[in-house]
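What follows is the content of input12.cif (mmCIF, C-alpha atoms).
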data_data
loop_
_atom_site.label_atom_id
_atom_site.label_comp_id
_atom_site.auth_asym_id
_atom_site.auth_seq_id
_atom_site.Cartn_x
_atom_site.Cartn_y
_atom_site.Cartn_z
CA MET A 1 267.89 174.60 92.36
CA ALA A 2 264.24 173.74 93.04
CA ARG A 3 263.45 170.22 94.18
CA LEU A 4 261.51 168.16 91.63
CA SER A 5 258.08 166.85 92.48
CA ALA A 6 257.62 163.07 92.52
CA ALA A 7 255.81 163.21 89.16
CA GLU A 8 258.55 165.37 87.61
CA ARG A 9 261.31 163.10 88.95
CA ARG A 10 259.52 159.99 87.67
CA ARG A 11 259.10 161.61 84.25
CA GLN A 12 262.79 162.60 84.23
CA ILE A 13 263.81 159.02 85.01
CA VAL A 14 261.60 157.59 82.26
CA GLU A 15 262.98 160.16 79.78
CA ALA A 16 266.55 159.16 80.60
CA ALA A 17 265.71 155.45 80.37
CA THR A 18 264.01 156.01 77.01
CA GLU A 19 267.11 157.72 75.66
CA ALA A 20 269.28 154.91 77.04
CA VAL A 21 267.27 152.12 75.38
CA LEU A 22 267.18 154.02 72.11
CA ARG A 23 270.90 154.78 72.20
CA ARG A 24 272.27 151.49 73.57
CA GLY A 25 269.50 149.05 72.69
CA LEU A 26 267.08 147.20 74.91
CA ALA A 27 269.53 144.44 75.83
CA GLN A 28 272.52 146.71 76.58
CA ALA A 29 270.84 149.56 78.43
CA ALA A 30 270.86 149.36 82.21
CA THR A 31 270.09 151.37 85.32
CA ARG A 32 273.67 152.72 85.37
CA ASP A 33 272.97 154.51 82.07
CA VAL A 34 270.08 156.31 83.70
CA THR A 35 271.86 157.10 86.98
CA LYS A 36 274.88 158.42 85.05
CA ALA A 37 272.72 160.58 82.77
CA LEU A 38 270.86 162.07 85.73
CA GLY A 39 273.76 162.20 88.18
CA VAL A 40 271.82 160.28 90.83
CA GLY A 41 272.27 157.07 92.77
CA SER A 42 270.53 153.78 92.06
CA GLY A 43 268.56 154.15 95.30
CA LEU A 44 266.62 157.05 93.80
CA LEU A 45 265.74 155.00 90.72
CA HIS A 46 264.61 152.07 92.83
CA HIS A 47 262.44 154.40 94.90
CA TYR A 48 260.39 155.14 91.77
CA PHE A 49 260.93 151.90 89.86
CA PRO A 50 261.59 148.80 91.99
CA SER A 51 263.10 146.94 89.03
CA TRP A 52 264.85 147.61 85.73
CA ALA A 53 262.12 145.57 84.01
CA GLU A 54 259.49 148.03 85.21
CA LEU A 55 261.54 151.06 84.15
CA ARG A 56 262.43 149.72 80.73
CA ALA A 57 258.76 148.87 80.08
CA GLU A 58 257.90 152.50 80.82
CA ALA A 59 260.74 153.63 78.54
CA VAL A 60 259.38 151.50 75.69
CA ARG A 61 255.87 152.80 76.39
CA LEU A 62 257.13 156.39 76.10
CA ALA A 63 259.08 155.68 72.90
CA ALA A 64 256.03 154.05 71.29
CA ARG A 65 253.75 156.87 72.46
CA ARG A 66 256.04 159.48 70.91
CA GLU A 67 256.18 157.65 67.59
CA ILE A 68 252.41 157.25 67.41
CA ASP A 69 251.92 160.91 68.32
CA GLU A 70 254.51 161.92 65.71
CA VAL A 71 252.74 159.99 62.96
CA GLN A 72 249.31 161.27 63.94
CA ALA A 73 250.57 164.87 63.89
CA MET A 74 252.33 164.27 60.58
CA VAL A 75 249.20 162.96 58.80
CA ALA A 76 246.65 165.24 60.46
CA GLY A 77 244.69 167.07 57.83
CA LEU A 78 246.23 165.20 54.89
CA PRO A 79 243.95 163.40 52.43
CA GLY A 80 243.79 159.66 53.16
CA LEU A 81 245.95 158.43 50.29
CA GLU A 82 248.56 161.13 50.88
CA ALA A 83 248.57 160.28 54.60
CA LEU A 84 249.13 156.58 53.84
CA ASP A 85 251.88 157.49 51.39
CA ARG A 86 253.51 159.68 54.07
CA LEU A 87 253.29 156.78 56.54
CA ALA A 88 255.26 154.60 54.11
CA ASP A 89 257.92 157.33 53.86
CA TRP A 90 258.06 157.69 57.64
CA MET A 91 258.63 153.97 58.02
CA VAL A 92 262.11 154.25 56.47
CA GLU A 93 263.13 157.66 57.79
CA ASP A 94 264.70 156.14 60.92
CA GLY A 95 268.23 156.60 59.58
CA ASP A 96 270.10 154.70 62.27
CA MET A 97 267.18 152.31 62.75
CA ARG A 98 267.30 152.77 66.52
CA HIS A 99 263.54 153.16 66.80
CA TRP A 100 262.90 150.06 64.71
CA ARG A 101 265.57 148.16 66.63
CA LEU A 102 263.88 149.08 69.90
CA TRP A 103 260.44 148.13 68.56
CA LEU A 104 261.53 144.74 67.24
CA ASN A 105 263.66 143.95 70.29
CA ALA A 106 260.78 144.85 72.58
CA GLN A 107 258.49 142.53 70.61
CA ASP A 108 261.00 139.73 71.02
CA GLU A 109 261.61 140.42 74.71
CA ALA A 110 257.85 140.59 75.35
CA HIS A 111 257.80 136.79 75.06
CA ARG A 112 259.65 136.66 78.37
CA ASP A 113 258.54 139.84 80.13
CA ASP A 114 254.91 140.37 81.14
CA ARG A 115 255.36 144.14 81.58
CA LEU A 116 256.78 144.51 78.08
CA ALA A 117 254.06 142.24 76.71
CA GLU A 118 251.43 144.58 78.13
CA VAL A 119 253.18 147.63 76.68
CA MET A 120 253.71 146.05 73.27
CA ASN A 121 250.16 144.72 72.98
CA ALA A 122 248.81 148.19 73.72
CA ALA A 123 251.24 149.82 71.27
CA MET A 124 250.46 147.32 68.50
CA ALA A 125 246.73 147.90 68.99
CA GLU A 126 247.27 151.66 68.73
CA TRP A 127 249.36 151.32 65.57
CA HIS A 128 246.64 149.12 64.10
CA GLU A 129 244.09 151.81 64.92
CA VAL A 130 246.21 154.54 63.29
CA ILE A 131 246.55 152.52 60.08
CA ALA A 132 242.88 151.48 60.08
CA ASP A 133 241.81 155.12 60.54
CA LEU A 134 243.92 156.15 57.54
CA LEU A 135 242.36 153.37 55.45
CA VAL A 136 238.89 154.50 56.50
CA ARG A 137 239.82 158.09 55.62
CA ALA A 138 240.94 156.96 52.16
CA GLY A 139 237.70 155.01 51.76
CA LYS A 140 235.58 158.04 52.60
CA GLU A 141 237.47 159.98 49.96
CA GLY A 142 236.56 157.35 47.37
CA VAL A 143 240.10 155.99 47.09
CA ALA A 144 239.49 152.58 48.63
CA GLN A 145 237.22 150.10 46.90
CA GLY A 146 235.81 147.84 49.58
CA THR A 147 238.90 147.47 51.75
CA GLU A 148 238.31 145.23 54.76
CA THR A 149 239.90 147.70 57.14
CA GLU A 150 240.70 145.56 60.17
CA ALA A 151 242.51 142.81 58.27
CA ALA A 152 244.21 145.29 55.93
CA ALA A 153 245.56 147.30 58.87
CA TRP A 154 247.03 144.17 60.48
CA ARG A 155 248.60 143.09 57.18
CA LEU A 156 250.18 146.51 56.69
CA ALA A 157 251.47 146.68 60.28
CA ALA A 158 252.96 143.19 59.93
CA MET A 159 254.57 144.15 56.64
CA MET A 160 256.12 147.25 58.23
CA ASP A 161 257.59 145.11 61.02
CA GLY A 162 258.85 142.51 58.57
CA LEU A 163 260.49 145.03 56.27
CA ALA A 164 262.10 146.81 59.21
CA GLY A 165 263.44 143.49 60.48
CA ALA A 166 264.86 142.72 57.05
CA MET A 167 266.52 146.15 56.81
CA LEU A 168 268.19 145.56 60.18
CA VAL A 169 270.00 142.44 59.01
CA ARG A 170 273.63 143.22 58.28
CA GLY A 171 274.23 143.11 54.52
CA SER A 172 270.51 142.91 53.77
CA ARG A 173 269.38 143.35 50.20
CA VAL A 174 266.32 145.19 51.54
CA THR A 175 267.23 148.87 51.31
CA PRO A 176 265.11 151.70 52.69
CA ALA A 177 264.15 152.65 49.12
CA MET A 178 263.07 149.08 48.39
CA ALA A 179 261.12 148.88 51.66
CA ARG A 180 259.37 152.17 50.88
CA ASP A 181 258.41 150.98 47.38
CA LEU A 182 257.16 147.63 48.67
CA MET A 183 255.10 149.32 51.35
CA LYS A 184 253.58 151.82 48.94
CA THR A 185 252.71 149.03 46.51
CA GLN A 186 251.06 147.04 49.29
CA LEU A 187 249.10 150.11 50.40
CA LEU A 188 247.69 150.49 46.90
CA LEU A 189 246.86 146.77 46.73
CA GLU A 190 245.04 146.97 50.05
CA LEU A 191 243.08 150.00 48.92
CA CYS A 192 241.97 148.20 45.77
CA ARG A 193 241.33 144.81 47.41
CA LYS A 194 237.74 143.60 47.00
CA THR A 195 236.05 142.12 50.08
#

Could you show the structure in this file as structure tokens?
Amino acid sequence: MARLSAAERRRQIVEAATEAVLRRGLAQAATRDVTKALGVGSGLLHHYFPSWAELRAEAVRLAARREIDEVQAMVAGLPGLEALDRLADWMVEDGDMRHWRLWLNAQDEAHRDDRLAEVMNAAMAEWHEVIADLLVRAGKEGVAQGTETEAAAWRLAAMMDGLAGAMLVRGSRVTPAMARDLMKTQLLLELCRKT
């Protein structure tokens, strides 16, 4: 078997860590999950990532990057309103909620971890940009009536986070269908909001 380059090995480690944090959760995942998945010793991991905090930050970065890329590919070429509607559907398509759980746990943990704070601030800014771009697209198509894009994008991103958090609560009355309807209603309100 060919020996992996340093870049390939690093990427392999981050991939395994990303799967571990998605599967087990940010608080439960550990280096042993990665070493077991890859069949390597902890020394190899520490060669590339001196600490678990550094590796898990990279895992969260990769998970966020994949979600943003997925949404951008999903809405590419769609009319603005249809793209926003599709975004609302996507928000609740995380059946086991592992992506939302990771996102919300990473936000919480970012209060204590500077590496995660950096990753989450960058990811939140990118999500804001994705939503703002869709609002601008809808405006250019004549759907939006004076939407203040920056504030509207932050409100919608915050609503997504809040609804996801509510859906994660055991026994919550907020169902995916309810969350989707609330999000779609808010999207229409934002598009019609006068500045």

Exercise for the section: Identify which of the residues A:Ala59, A:Val92, A:Ala6, A:Ala123 lies closest to Asp181 in chain A, counting all atoms listed in the file when measuring atom-to-atom distances. Expected result: A:Val92

When the PyMOL selection byres ((chain A and resi 17-22) around 9) is applied to the structure above, which residues does it catch, written out as a short mmCIF file (atom, residue, chain, number, x, y, z; two decimals) with C-alpha atoms, in the coordinates of the input?
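Saved result, part.cif, follows:
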data_model
loop_
_atom_site.label_atom_id
_atom_site.label_comp_id
_atom_site.auth_asym_id
_atom_site.auth_seq_id
_atom_site.Cartn_x
_atom_site.Cartn_y
_atom_site.Cartn_z
CA GLN A 12 262.79 162.60 84.23
CA ILE A 13 263.81 159.02 85.01
CA VAL A 14 261.60 157.59 82.26
CA GLU A 15 262.98 160.16 79.78
CA ALA A 16 266.55 159.16 80.60
CA ARG A 23 270.90 154.78 72.20
CA ARG A 24 272.27 151.49 73.57
CA GLY A 25 269.50 149.05 72.69
CA LEU A 26 267.08 147.20 74.91
CA ALA A 27 269.53 144.44 75.83
CA GLN A 28 272.52 146.71 76.58
CA ALA A 29 270.84 149.56 78.43
CA ALA A 30 270.86 149.36 82.21
CA THR A 31 270.09 151.37 85.32
CA ASP A 33 272.97 154.51 82.07
CA VAL A 34 270.08 156.31 83.70
CA ALA A 37 272.72 160.58 82.77
CA LEU A 55 261.54 151.06 84.15
CA ARG A 56 262.43 149.72 80.73
CA GLU A 58 257.90 152.50 80.82
CA ALA A 59 260.74 153.63 78.54
CA VAL A 60 259.38 151.50 75.69
CA ARG A 61 255.87 152.80 76.39
CA LEU A 62 257.13 156.39 76.10
CA ALA A 63 259.08 155.68 72.90
CA ARG A 98 267.30 152.77 66.52
CA HIS A 99 263.54 153.16 66.80
CA ARG A 101 265.57 148.16 66.63
CA LEU A 102 263.88 149.08 69.90
#

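Each of A:Met120, A:Ala138, A:Ala106, A:Val174 was compared to Glu82 in chain A using all atoms listed in the file, and A:Ala138 turns out to be the nearest.
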
Starting from the displayed file, determine the output of the PyMOL selection byres ((chain A and resi 177-179) around 10) and express the residue list as a compact mmCIF listing (two decimals) with C-alpha atoms, in the coordinates of the input.
# COMPACT_ATOMS: atom_id res chain seq x y z
CA ALA A 88 255.26 154.60 54.11
CA ASP A 89 257.92 157.33 53.86
CA MET A 91 258.63 153.97 58.02
CA VAL A 92 262.11 154.25 56.47
CA MET A 159 254.57 144.15 56.64
CA MET A 160 256.12 147.25 58.23
CA GLY A 162 258.85 142.51 58.57
CA LEU A 163 260.49 145.03 56.27
CA ALA A 164 262.10 146.81 59.21
CA ALA A 166 264.86 142.72 57.05
CA MET A 167 266.52 146.15 56.81
CA ARG A 173 269.38 143.35 50.20
CA VAL A 174 266.32 145.19 51.54
CA THR A 175 267.23 148.87 51.31
CA PRO A 176 265.11 151.70 52.69
CA ARG A 180 259.37 152.17 50.88
CA ASP A 181 258.41 150.98 47.38
CA LEU A 182 257.16 147.63 48.67
CA MET A 183 255.10 149.32 51.35
CA LYS A 184 253.58 151.82 48.94
CA THR A 185 252.71 149.03 46.51

Practice task
One decimal, Å: what's the distance from CA of Leu84 in chain A over to CA of Glu126 in chain A, could you say?
Solution key: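 Between these atoms lies a distance of 15.8 Å.
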
Practice task
Mind giving me the straight-line distance from CA of Ala122 in chain A to CA of Trp52 in chain A in Å, one decimal?
Solution key: 20.0 Å

Practice task
Could you tell me how far CA of Leu189 in chain A lies from CA of Ala76 in chain A, in Å and to one decimal?
Solution key: 23.0 Å

Practice task
Name the closest residue to Glu129 in chain A among the candidates A:Arg86, A:Leu81, A:Ile68, A:Lys36; distances are taken between atoms, counting only C-alpha atoms.
Solution key: A:Ile68

Would you compute the box with edges along x, y and z of the file around range 77-94 of chain A, including every atom the file lists for it and 5 Å extra on each side, and give its centre and edge lengths in Å to one decimal, as JSON?
{"center_x": 254.2, "center_y": 160.5, "center_z": 55.6, "size_x": 30.9, "size_y": 23.1, "size_z": 20.6}

Exercise for the section: Quick one: apply the PyMOL selection byres ((chain A and resi 71-75) around 10) to the file and drop the selected residues here as a count of residues only. Expected result: 22

Since the input lacks some atoms of range 155-191 of chain A, please model N, CA and C atoms and print them as a PDB file, in the frame of the given file.
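What landed in part.pdb:
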ATOM      1  N   ARG A 155     247.636 143.502  58.207  1.00  0.00           N
ATOM      2  CA  ARG A 155     248.600 143.090  57.180  1.00  0.00           C
ATOM      3  C   ARG A 155     249.665 144.158  56.969  1.00  0.00           C
ATOM      4  N   LEU A 156     249.236 145.413  56.915  1.00  0.00           N
ATOM      5  CA  LEU A 156     250.180 146.510  56.690  1.00  0.00           C
ATOM      6  C   LEU A 156     251.131 146.679  57.872  1.00  0.00           C
ATOM      7  N   ALA A 157     250.619 146.570  59.090  1.00  0.00           N
ATOM      8  CA  ALA A 157     251.470 146.680  60.280  1.00  0.00           C
ATOM      9  C   ALA A 157     252.499 145.539  60.300  1.00  0.00           C
ATOM     10  N   ALA A 158     252.043 144.334  59.961  1.00  0.00           N
ATOM     11  CA  ALA A 158     252.960 143.190  59.930  1.00  0.00           C
ATOM     12  C   ALA A 158     254.021 143.369  58.842  1.00  0.00           C
ATOM     13  N   MET A 159     253.607 143.921  57.715  1.00  0.00           N
ATOM     14  CA  MET A 159     254.570 144.150  56.640  1.00  0.00           C
ATOM     15  C   MET A 159     255.616 145.180  57.049  1.00  0.00           C
ATOM     16  N   MET A 160     255.181 146.239  57.738  1.00  0.00           N
ATOM     17  CA  MET A 160     256.120 147.250  58.230  1.00  0.00           C
ATOM     18  C   MET A 160     257.151 146.597  59.150  1.00  0.00           C
ATOM     19  N   ASP A 161     256.673 145.789  60.091  1.00  0.00           N
ATOM     20  CA  ASP A 161     257.590 145.110  61.020  1.00  0.00           C
ATOM     21  C   ASP A 161     258.546 144.200  60.272  1.00  0.00           C
ATOM     22  N   GLY A 162     258.021 143.436  59.322  1.00  0.00           N
ATOM     23  CA  GLY A 162     258.850 142.510  58.570  1.00  0.00           C
ATOM     24  C   GLY A 162     259.905 143.209  57.736  1.00  0.00           C
ATOM     25  N   LEU A 163     259.522 144.282  57.076  1.00  0.00           N
ATOM     26  CA  LEU A 163     260.490 145.030  56.270  1.00  0.00           C
ATOM     27  C   LEU A 163     261.554 145.679  57.154  1.00  0.00           C
ATOM     28  N   ALA A 164     261.126 146.209  58.290  1.00  0.00           N
ATOM     29  CA  ALA A 164     262.100 146.810  59.210  1.00  0.00           C
ATOM     30  C   ALA A 164     263.078 145.751  59.699  1.00  0.00           C
ATOM     31  N   GLY A 165     262.560 144.574  60.045  1.00  0.00           N
ATOM     32  CA  GLY A 165     263.440 143.490  60.480  1.00  0.00           C
ATOM     33  C   GLY A 165     264.427 143.097  59.394  1.00  0.00           C
ATOM     34  N   ALA A 166     263.965 143.066  58.165  1.00  0.00           N
ATOM     35  CA  ALA A 166     264.860 142.720  57.050  1.00  0.00           C
ATOM     36  C   ALA A 166     265.920 143.794  56.847  1.00  0.00           C
ATOM     37  N   MET A 167     265.542 145.069  56.977  1.00  0.00           N
ATOM     38  CA  MET A 167     266.520 146.150  56.810  1.00  0.00           C
ATOM     39  C   MET A 167     267.585 146.118  57.897  1.00  0.00           C
ATOM     40  N   LEU A 168     267.244 145.602  59.067  1.00  0.00           N
ATOM     41  CA  LEU A 168     268.190 145.560  60.180  1.00  0.00           C
ATOM     42  C   LEU A 168     269.261 144.488  60.037  1.00  0.00           C
ATOM     43  N   VAL A 169     269.034 143.508  59.184  1.00  0.00           N
ATOM     44  CA  VAL A 169     270.000 142.440  59.010  1.00  0.00           C
ATOM     45  C   VAL A 169     271.235 142.984  58.296  1.00  0.00           C
ATOM     46  N   ARG A 170     272.380 142.747  58.881  1.00  0.00           N
ATOM     47  CA  ARG A 170     273.630 143.220  58.280  1.00  0.00           C
ATOM     48  C   ARG A 170     273.781 142.655  56.871  1.00  0.00           C
ATOM     49  N   GLY A 171     274.046 143.533  55.911  1.00  0.00           N
ATOM     50  CA  GLY A 171     274.230 143.110  54.520  1.00  0.00           C
ATOM     51  C   GLY A 171     272.924 142.809  53.799  1.00  0.00           C
ATOM     52  N   SER A 172     271.816 143.209  54.366  1.00  0.00           N
ATOM     53  CA  SER A 172     270.510 142.910  53.770  1.00  0.00           C
ATOM     54  C   SER A 172     270.381 143.528  52.378  1.00  0.00           C
ATOM     55  N   ARG A 173     269.690 142.820  51.534  1.00  0.00           N
ATOM     56  CA  ARG A 173     269.380 143.350  50.200  1.00  0.00           C
ATOM     57  C   ARG A 173     268.185 144.306  50.260  1.00  0.00           C
ATOM     58  N   VAL A 174     267.478 144.308  51.391  1.00  0.00           N
ATOM     59  CA  VAL A 174     266.320 145.190  51.540  1.00  0.00           C
ATOM     60  C   VAL A 174     266.811 146.561  51.975  1.00  0.00           C
ATOM     61  N   THR A 175     266.806 147.495  51.044  1.00  0.00           N
ATOM     62  CA  THR A 175     267.230 148.870  51.310  1.00  0.00           C
ATOM     63  C   THR A 175     266.018 149.686  51.750  1.00  0.00           C
ATOM     64  N   PRO A 176     266.245 150.839  52.360  1.00  0.00           N
ATOM     65  CA  PRO A 176     265.110 151.700  52.690  1.00  0.00           C
ATOM     66  C   PRO A 176     264.264 152.057  51.465  1.00  0.00           C
ATOM     67  N   ALA A 177     264.908 152.313  50.330  1.00  0.00           N
ATOM     68  CA  ALA A 177     264.150 152.650  49.120  1.00  0.00           C
ATOM     69  C   ALA A 177     263.280 151.463  48.683  1.00  0.00           C
ATOM     70  N   MET A 178     263.840 150.272  48.750  1.00  0.00           N
ATOM     71  CA  MET A 178     263.070 149.080  48.390  1.00  0.00           C
ATOM     72  C   MET A 178     261.911 148.881  49.358  1.00  0.00           C
ATOM     73  N   ALA A 179     262.171 149.050  50.655  1.00  0.00           N
ATOM     74  CA  ALA A 179     261.120 148.880  51.660  1.00  0.00           C
ATOM     75  C   ALA A 179     259.997 149.883  51.436  1.00  0.00           C
ATOM     76  N   ARG A 180     260.375 151.134  51.136  1.00  0.00           N
ATOM     77  CA  ARG A 180     259.370 152.170  50.880  1.00  0.00           C
ATOM     78  C   ARG A 180     258.519 151.795  49.668  1.00  0.00           C
ATOM     79  N   ASP A 181     259.149 151.350  48.595  1.00  0.00           N
ATOM     80  CA  ASP A 181     258.410 150.980  47.380  1.00  0.00           C
ATOM     81  C   ASP A 181     257.488 149.790  47.633  1.00  0.00           C
ATOM     82  N   LEU A 182     257.996 148.793  48.354  1.00  0.00           N
ATOM     83  CA  LEU A 182     257.160 147.630  48.670  1.00  0.00           C
ATOM     84  C   LEU A 182     255.960 148.021  49.518  1.00  0.00           C
ATOM     85  N   MET A 183     256.193 148.897  50.479  1.00  0.00           N
ATOM     86  CA  MET A 183     255.100 149.320  51.350  1.00  0.00           C
ATOM     87  C   MET A 183     254.062 150.124  50.573  1.00  0.00           C
ATOM     88  N   LYS A 184     254.516 151.006  49.714  1.00  0.00           N
ATOM     89  CA  LYS A 184     253.580 151.820  48.940  1.00  0.00           C
ATOM     90  C   LYS A 184     252.781 150.948  47.963  1.00  0.00           C
ATOM     91  N   THR A 185     253.422 149.960  47.394  1.00  0.00           N
ATOM     92  CA  THR A 185     252.710 149.030  46.510  1.00  0.00           C
ATOM     93  C   THR A 185     251.653 148.263  47.286  1.00  0.00           C
ATOM     94  N   GLN A 186     252.023 147.789  48.477  1.00  0.00           N
ATOM     95  CA  GLN A 186     251.060 147.040  49.290  1.00  0.00           C
ATOM     96  C   GLN A 186     249.897 147.923  49.728  1.00  0.00           C
ATOM     97  N   LEU A 187     250.178 149.180  50.037  1.00  0.00           N
ATOM     98  CA  LEU A 187     249.100 150.110  50.400  1.00  0.00           C
ATOM     99  C   LEU A 187     248.088 150.220  49.259  1.00  0.00           C
ATOM    100  N   LEU A 188     248.585 150.379  48.039  1.00  0.00           N
ATOM    101  CA  LEU A 188     247.690 150.490  46.900  1.00  0.00           C
ATOM    102  C   LEU A 188     246.906 149.194  46.680  1.00  0.00           C
ATOM    103  N   LEU A 189     247.561 148.058  46.856  1.00  0.00           N
ATOM    104  CA  LEU A 189     246.860 146.770  46.730  1.00  0.00           C
ATOM    105  C   LEU A 189     245.764 146.639  47.780  1.00  0.00           C
ATOM    106  N   GLU A 190     246.060 147.056  48.989  1.00  0.00           N
ATOM    107  CA  GLU A 190     245.040 146.970  50.050  1.00  0.00           C
ATOM    108  C   GLU A 190     243.865 147.887  49.753  1.00  0.00           C
ATOM    109  N   LEU A 191     244.154 149.067  49.221  1.00  0.00           N
ATOM    110  CA  LEU A 191     243.080 150.000  48.920  1.00  0.00           C
ATOM    111  C   LEU A 191     242.193 149.517  47.794  1.00  0.00           C
TER     112      LEU A 191
END
